[in-house]
$ cat start.txt   # compact mmCIF, C-alpha atoms
# COMPACT_ATOMS: atom_id res chain seq x y z
CA MET A 192 12.38 62.96 320.08
CA THR A 193 11.92 66.39 321.47
CA GLN A 194 8.57 67.94 322.22
CA ARG A 195 8.12 71.26 320.47
CA ASP A 196 6.34 74.07 322.17
CA HIS A 197 3.26 75.20 320.32
CA GLN A 198 0.96 78.08 321.13
CA PHE A 199 -2.67 77.63 320.15
CA ALA A 200 -4.68 80.71 319.26
CA LYS A 201 -7.75 81.39 321.30
CA LEU A 202 -10.91 80.05 319.73
CA LYS A 203 -12.97 82.75 318.10
CA ARG A 204 -16.61 82.50 318.99
CA PRO A 205 -19.32 84.81 317.74
CA PRO A 206 -21.04 86.97 320.34
CA ALA A 207 -23.88 85.15 322.08
CA TYR A 208 -26.48 87.61 320.77
CA LYS A 209 -25.38 86.79 317.19
CA VAL A 210 -25.79 83.07 317.88
CA VAL A 211 -29.32 83.77 319.15
CA ALA A 212 -30.09 85.90 316.08
CA ASP A 213 -28.68 83.28 313.70
CA GLU A 214 -30.78 80.53 315.26
CA LEU A 215 -33.92 82.62 314.95
CA ILE A 216 -33.05 83.46 311.33
CA LYS A 217 -32.60 79.75 310.58
CA ALA A 218 -36.01 79.02 312.08
CA ILE A 219 -37.57 81.73 309.91
CA ALA A 220 -35.72 80.56 306.77
CA LYS A 221 -36.82 76.96 307.38
CA LYS A 222 -40.43 78.17 307.85
CA ALA A 223 -40.54 76.84 311.40
CA LEU A 224 -41.52 80.44 312.14
CA ARG A 225 -43.62 82.12 309.47
CA PRO A 226 -44.62 85.74 308.81
CA GLY A 227 -47.39 86.60 311.25
CA ASP A 228 -46.19 84.17 313.94
CA LEU A 229 -45.49 85.64 317.36
CA LEU A 230 -42.09 84.97 318.89
CA PRO A 231 -41.94 83.53 322.39
CA ILE A 232 -41.60 86.19 325.05
CA GLU A 233 -38.12 87.36 326.04
CA GLY A 234 -37.95 85.23 329.19
CA GLU A 235 -38.95 82.07 327.34
CA LEU A 236 -36.33 82.65 324.65
CA ALA A 237 -33.65 83.27 327.28
CA GLU A 238 -34.53 79.99 328.98
CA GLN A 239 -34.60 78.02 325.71
CA PHE A 240 -31.24 79.38 324.54
CA GLY A 241 -29.65 79.22 327.99
CA VAL A 242 -28.63 82.89 327.95
CA ASN A 243 -29.66 86.00 329.84
CA ARG A 244 -32.41 88.35 328.72
CA SER A 245 -30.04 91.11 327.63
CA THR A 246 -28.45 88.70 325.13
CA VAL A 247 -31.87 87.81 323.73
CA ARG A 248 -32.70 91.51 323.56
CA GLU A 249 -29.60 92.22 321.48
CA GLY A 250 -30.36 89.31 319.16
CA ILE A 251 -33.93 90.51 318.66
CA ARG A 252 -32.69 94.03 317.92
CA TYR A 253 -30.52 92.56 315.16
CA LEU A 254 -33.57 90.88 313.63
CA GLU A 255 -35.62 94.07 313.90
CA GLN A 256 -32.96 95.99 311.99
CA SER A 257 -33.07 93.29 309.31
CA GLY A 258 -36.84 93.67 309.03
CA LEU A 259 -37.44 90.03 309.93
CA VAL A 260 -39.46 90.86 313.05
CA THR A 261 -41.70 93.78 313.95
CA ARG A 262 -43.49 94.91 317.07
CA LYS A 263 -47.14 94.03 317.55
CA GLY A 264 -48.08 95.71 320.77
CA LYS A 265 -45.76 94.26 323.40
CA ARG A 266 -45.04 91.15 321.34
CA LEU A 267 -42.66 90.50 318.45
CA MET A 268 -44.00 89.11 315.20
CA VAL A 269 -42.17 87.50 312.29
CA SER A 270 -42.43 89.70 309.20
CA ARG A 271 -41.23 89.96 305.60
CA PRO A 272 -38.59 92.67 305.09
CA SER A 273 -39.82 95.34 302.69
CA TYR A 274 -37.89 96.03 299.49
CA GLN A 275 -36.99 99.38 301.04
CA VAL A 276 -35.38 97.70 304.05
CA LEU A 277 -33.49 95.27 301.82
CA ALA A 278 -32.21 98.14 299.70
CA ASP A 279 -31.11 100.02 302.84
CA GLN A 280 -29.00 97.00 303.80
CA PHE A 281 -27.58 96.29 300.35
CA CYS A 282 -26.79 99.81 299.10
CA PRO A 283 -24.00 100.63 301.59
CA ALA A 284 -22.21 97.40 300.63
CA LEU A 285 -22.25 98.41 296.97
CA ILE A 286 -20.97 101.87 297.85
CA VAL A 287 -18.13 100.48 299.96
CA HIS A 288 -17.12 98.28 297.02
CA ASP A 289 -16.90 101.38 294.78
CA VAL A 290 -19.43 100.11 292.26
CA SER A 291 -19.25 102.28 289.14
CA PHE A 292 -22.07 103.60 286.99
CA LEU A 293 -20.97 101.29 284.18
CA GLU A 294 -21.05 98.21 286.41
CA LEU A 295 -24.49 99.09 287.74
CA TRP A 296 -25.82 100.03 284.30
CA THR A 297 -24.55 96.76 282.78
CA VAL A 298 -26.65 94.74 285.25
CA THR A 299 -29.63 97.06 284.98
CA LEU A 300 -29.50 96.75 281.20
CA GLU A 301 -30.51 93.12 281.74
CA LEU A 302 -33.04 93.65 284.54
CA GLU A 303 -35.12 96.51 283.13
CA PRO A 304 -35.84 94.86 279.74
CA LEU A 305 -36.67 91.67 281.66
CA ALA A 306 -39.14 93.64 283.79
CA ALA A 307 -40.73 95.07 280.63
CA ARG A 308 -41.02 91.62 279.07
CA LEU A 309 -42.62 90.08 282.15
CA ALA A 310 -44.93 93.09 282.52
CA SER A 311 -46.14 92.59 278.95
CA GLU A 312 -47.13 89.05 279.95
CA LYS A 313 -48.60 89.70 283.39
CA ALA A 314 -49.76 93.32 283.71
CA THR A 315 -53.24 93.64 285.22
CA PRO A 316 -55.78 96.30 284.20
CA GLU A 317 -55.16 98.02 287.56
CA ILE A 318 -51.40 98.37 287.06
CA LEU A 319 -51.91 99.43 283.44
CA ALA A 320 -54.16 102.23 284.65
CA THR A 321 -51.50 103.31 287.14
CA LEU A 322 -48.84 103.29 284.42
CA GLU A 323 -51.16 105.34 282.19
CA ALA A 324 -51.62 107.89 284.96
CA ASN A 325 -47.85 108.09 285.42
CA LEU A 326 -47.36 108.69 281.68
CA ASN A 327 -49.98 111.46 281.67
CA ASP A 328 -48.34 113.09 284.69
CA THR A 329 -44.95 112.88 282.96
CA LYS A 330 -46.31 114.53 279.82
CA ALA A 331 -47.84 117.32 281.89
CA ALA A 332 -44.60 117.81 283.84
CA LEU A 333 -42.62 118.00 280.60
CA ALA A 334 -45.00 120.63 279.22
CA ARG A 335 -44.50 122.73 282.37
CA GLY A 336 -40.73 122.23 282.31
CA ASP A 337 -40.81 120.41 285.65
CA ASP A 338 -38.34 117.85 286.93
CA LEU A 339 -39.09 114.38 285.51
CA VAL A 340 -36.79 112.33 287.71
CA GLN A 341 -39.28 111.11 290.29
CA LEU A 342 -41.86 110.26 287.65
CA ASP A 343 -39.28 108.29 285.69
CA ILE A 344 -38.27 106.36 288.83
CA GLU A 345 -41.94 105.68 289.54
CA PHE A 346 -42.53 104.36 286.02
CA HIS A 347 -39.74 101.80 286.36
CA GLU A 348 -40.93 100.79 289.84
CA LEU A 349 -44.44 100.25 288.48
CA LEU A 350 -43.05 98.11 285.68
CA ALA A 351 -41.24 95.96 288.23
CA GLU A 352 -44.51 95.62 290.14
CA ALA A 353 -46.31 94.68 286.92
CA ALA A 354 -43.67 92.00 286.24
CA ASP A 355 -44.95 90.21 289.36
CA ASN A 356 -41.63 88.54 290.13
CA LYS A 357 -40.34 88.90 293.67
CA ALA A 358 -36.78 87.86 292.81
CA LEU A 359 -36.63 90.57 290.15
CA SER A 360 -38.13 93.23 292.42
CA ILE A 361 -35.72 92.45 295.25
CA SER A 362 -32.71 92.35 292.92
CA ARG A 363 -33.41 95.68 291.24
CA SER A 364 -34.48 97.53 294.39
CA ALA A 365 -31.00 98.38 295.71
CA LEU A 366 -29.56 98.85 292.22
CA ALA A 367 -32.27 101.36 291.37
CA ARG A 368 -31.61 103.23 294.62
CA LEU A 369 -27.99 103.80 293.62
CA PHE A 370 -29.13 105.08 290.24
CA TYR A 371 -31.13 107.95 291.79
CA PRO A 372 -28.26 110.47 291.73
CA ALA A 373 -27.51 109.45 288.15
CA TYR A 374 -31.11 110.11 287.16
CA ARG A 375 -30.87 113.63 288.49
CA THR A 376 -27.46 114.54 287.06
CA GLY A 377 -27.92 112.88 283.69
CA MET A 378 -31.42 114.00 282.80
CA PHE A 379 -32.20 117.37 281.24
CA PRO A 380 -35.86 117.98 280.26
CA GLU A 381 -34.92 120.21 277.33
CA THR A 382 -32.78 117.49 275.72
CA SER A 383 -34.01 114.14 277.05
CA GLY A 384 -37.56 114.72 278.28
CA GLU A 385 -39.26 114.18 274.94
CA ARG A 386 -37.27 111.01 274.26
CA LEU A 387 -38.14 109.73 277.74
CA VAL A 388 -41.87 110.32 277.23
CA MET A 389 -41.76 108.70 273.79
CA ALA A 390 -39.97 105.62 275.15
CA HIS A 391 -42.37 105.29 278.09
CA GLU A 392 -45.38 105.59 275.77
CA ILE A 393 -44.10 102.96 273.33
CA ILE A 394 -43.20 100.60 276.19
CA LEU A 395 -46.60 101.05 277.81
CA ASN A 396 -48.44 100.45 274.52
CA ALA A 397 -46.38 97.30 273.94
CA ILE A 398 -47.22 96.05 277.43
CA ARG A 399 -50.89 96.80 276.90
CA GLU A 400 -50.83 94.84 273.62
CA HIS A 401 -48.81 91.99 275.18
CA ASP A 402 -46.05 92.62 272.63
CA THR A 403 -43.12 91.19 274.59
CA GLU A 404 -40.57 91.71 271.82
CA ARG A 405 -41.36 95.39 271.37
CA ALA A 406 -41.55 96.07 275.12
CA THR A 407 -38.15 94.43 275.65
CA GLU A 408 -36.54 96.15 272.65
CA TRP A 409 -37.69 99.63 273.63
CA MET A 410 -36.72 99.25 277.27
CA TYR A 411 -33.26 98.26 276.08
CA LYS A 412 -33.14 101.39 273.87
CA HIS A 413 -34.40 103.49 276.78
CA MET A 414 -31.59 102.27 279.04
CA VAL A 415 -28.96 102.87 276.34
CA ASP A 416 -30.31 106.40 275.93
CA PHE A 417 -30.04 106.91 279.69
CA LYS A 418 -26.36 106.01 279.61
CA ARG A 419 -25.83 108.38 276.68
CA GLY A 420 -27.42 111.20 278.69
CA TYR A 421 -25.11 110.44 281.60
CA GLU A 422 -22.07 110.68 279.34
CA LEU A 423 -23.33 113.86 277.64
CA ALA A 424 -23.54 115.42 281.10
CA GLY A 425 -19.76 115.00 281.27
CA LEU A 426 -19.90 112.27 283.92
CA ASP A 427 -17.40 109.44 284.13
CA VAL A 428 -19.12 106.06 283.81
CA LEU A 429 -16.11 104.40 285.47
CA SER A 430 -16.27 106.50 288.64
CA PRO A 431 -17.88 105.02 291.79
CA LEU A 432 -21.48 106.04 292.24
CA PRO A 433 -22.29 108.34 295.18
CA TRP A 434 -24.77 107.63 297.95
CA ARG A 435 -28.21 109.07 297.37
CA GLU A 436 -28.75 112.46 298.95
CA GLU A 437 -32.08 112.44 300.75

$ encode --input "start.txt" --output "structure tokens"
Amino acid sequence: MTQRDHQFAKLKRPPAYKVVADELIKAIAKKALRPGDLLPIEGELAEQFGVNRSTVREGIRYLEQSGLVTRKGKRLMVSRPSYQVLADQFCPALIVHDVSFLELWTVTLELEPLAARLASEKATPEILATLEANLNDTKAALARGDDLVQLDIEFHELLAEAADNKALSISRSALARLFYPAYRTGMFPETSGERLVMAHEIILNAIREHDTERATEWMYKHMVDFKRGYELAGLDVLSPLPWREE
């Protein structure tokens, strides 16, 4: 029997700072560290992990970018990432994967009517008043011939807030961000503004009356109308969506 030569590949190990970050993330996910808790100081963490301070510093920076920790004076505190931060992390991944308008719209066609249905069940007087103010502002903007895009975005964000479902809000946050350019290119006040205001008013009235069926139905119609406007603008629903221009 002959012994065959065999070359083993070098073991691939993640950078030490990533190991530190992952361990801290696990502690946060397991609720061993909760929002509002202060992290041990840098020296203590370095001693506990058996690494140098620069490694801990890099790991902490990774968590800060993820929104899982924030600065409180000279100390670091566990925090909940905002929906904005989560969208900032998720949107580039969708862009890199060449997500099309049609793919995004197909998912949103499920989420937005769901938000309307939940809002019709849970909306508080305070959020209803805010939605009413948004509708009045939209009507006034339409009468002046102003851009309605931001007000439309705000209406849908308020509905998601009224739905009072964190999973829904987190899921739609990044998707809605990618839709921003589509809102602007596919909406023309002279052709779609009146239909938009009518849909928002019917949806709001249904939510106010706790009419879940009507709220869901009209949000579905509203989203179908949005896609129609995109197509009428001569845009290809199969093309990858662009990154939002700030």

$ residues_around --input "start.txt" --residues "stretch 293-295 of chain A" --least-positions-apart "3" --cutoff "7 Å" --atoms "all atoms listed in the file" --output "VMD selection string"
chain A and resid 290 298 to 299 366 428 to 429

$ atom_distance --input "start.txt" --atom1 "atom CA of A:Ile398" --atom2 "atom CA of A:Ala358"
20.3 Å

$ closest_residue --input "start.txt" --among "A:Ser291, A:Ser430, A:Ser311, A:Thr246" --to "A:Leu369" --atoms "all atoms listed in the file"
A:Ser291

$ closest_residue --input "start.txt" --among "A:Cys282, A:Ala331, A:Met410, A:Leu326" --to "A:Asp343" --atoms "all atoms listed in the file"
A:Leu326

$ closest_residue --input "start.txt" --among "A:Met268, A:Arg335, A:Ala314, A:Pro226" --to "A:Thr403" --atoms "all atoms listed in the file"
A:Ala314

$ closest_residue --input "start.txt" --among "A:Leu254, A:Ala365, A:Val269, A:Val211" --to "A:Gly227" --atoms "all atoms listed in the file"
A:Val269

$ residues_around --input "start.txt" --residues "stretch 345-353 of chain A" --least-positions-apart "4" --cutoff "6 Å" --atoms "only C-alpha atoms" --output "list of chain:residue names"
A:Ala306, A:Ala310, A:Ala314, A:Ser360

$ residues_around --input "start.txt" --residues "stretch 229-243 of chain A" --least-positions-apart "4" --cutoff "12 Å" --atoms "all atoms listed in the file" --output "PDB file with C-alpha atoms, in the frame of the given file"
ATOM      1  CA  PRO A 206     -21.040  86.970 320.340  1.00  0.00           C
ATOM      2  CA  ALA A 207     -23.880  85.150 322.080  1.00  0.00           C
ATOM      3  CA  TYR A 208     -26.480  87.610 320.770  1.00  0.00           C
ATOM      4  CA  LYS A 209     -25.380  86.790 317.190  1.00  0.00           C
ATOM      5  CA  VAL A 210     -25.790  83.070 317.880  1.00  0.00           C
ATOM      6  CA  VAL A 211     -29.320  83.770 319.150  1.00  0.00           C
ATOM      7  CA  ALA A 212     -30.090  85.900 316.080  1.00  0.00           C
ATOM      8  CA  ASP A 213     -28.680  83.280 313.700  1.00  0.00           C
ATOM      9  CA  GLU A 214     -30.780  80.530 315.260  1.00  0.00           C
ATOM     10  CA  LEU A 215     -33.920  82.620 314.950  1.00  0.00           C
ATOM     11  CA  ILE A 216     -33.050  83.460 311.330  1.00  0.00           C
ATOM     12  CA  ALA A 218     -36.010  79.020 312.080  1.00  0.00           C
ATOM     13  CA  ILE A 219     -37.570  81.730 309.910  1.00  0.00           C
ATOM     14  CA  ALA A 223     -40.540  76.840 311.400  1.00  0.00           C
ATOM     15  CA  LEU A 224     -41.520  80.440 312.140  1.00  0.00           C
ATOM     16  CA  ARG A 225     -43.620  82.120 309.470  1.00  0.00           C
ATOM     17  CA  VAL A 247     -31.870  87.810 323.730  1.00  0.00           C
ATOM     18  CA  ARG A 248     -32.700  91.510 323.560  1.00  0.00           C
ATOM     19  CA  GLU A 249     -29.600  92.220 321.480  1.00  0.00           C
ATOM     20  CA  GLY A 250     -30.360  89.310 319.160  1.00  0.00           C
ATOM     21  CA  ILE A 251     -33.930  90.510 318.660  1.00  0.00           C
ATOM     22  CA  ARG A 252     -32.690  94.030 317.920  1.00  0.00           C
ATOM     23  CA  LEU A 254     -33.570  90.880 313.630  1.00  0.00           C
ATOM     24  CA  LEU A 259     -37.440  90.030 309.930  1.00  0.00           C
ATOM     25  CA  VAL A 260     -39.460  90.860 313.050  1.00  0.00           C
ATOM     26  CA  THR A 261     -41.700  93.780 313.950  1.00  0.00           C
ATOM     27  CA  ARG A 262     -43.490  94.910 317.070  1.00  0.00           C
ATOM     28  CA  LYS A 263     -47.140  94.030 317.550  1.00  0.00           C
ATOM     29  CA  GLY A 264     -48.080  95.710 320.770  1.00  0.00           C
ATOM     30  CA  LYS A 265     -45.760  94.260 323.400  1.00  0.00           C
ATOM     31  CA  ARG A 266     -45.040  91.150 321.340  1.00  0.00           C
ATOM     32  CA  LEU A 267     -42.660  90.500 318.450  1.00  0.00           C
ATOM     33  CA  MET A 268     -44.000  89.110 315.200  1.00  0.00           C
ATOM     34  CA  VAL A 269     -42.170  87.500 312.290  1.00  0.00           C
ATOM     35  CA  SER A 270     -42.430  89.700 309.200  1.00  0.00           C
TER      36      SER A 270
END

$ atom_distance --input "start.txt" --atom1 "atom CA of A:Leu285" --atom2 "atom CA of A:Arg204"
27.7 Å

$ atom_distance --input "start.txt" --atom1 "atom CA of A:Asp355" --atom2 "atom CA of A:Gly420"
29.4 Å

$ closest_residue --input "start.txt" --among "A:Leu339, A:Ala390, A:Leu305, A:Ala332" --to "A:Asp416" --atoms "only C-alpha atoms"
A:Ala390

$ closest_residue --input "start.txt" --among "A:Lys221, A:Arg386, A:Arg405, A:Arg419" --to "A:Leu333" --atoms "all atoms listed in the file"
A:Arg386
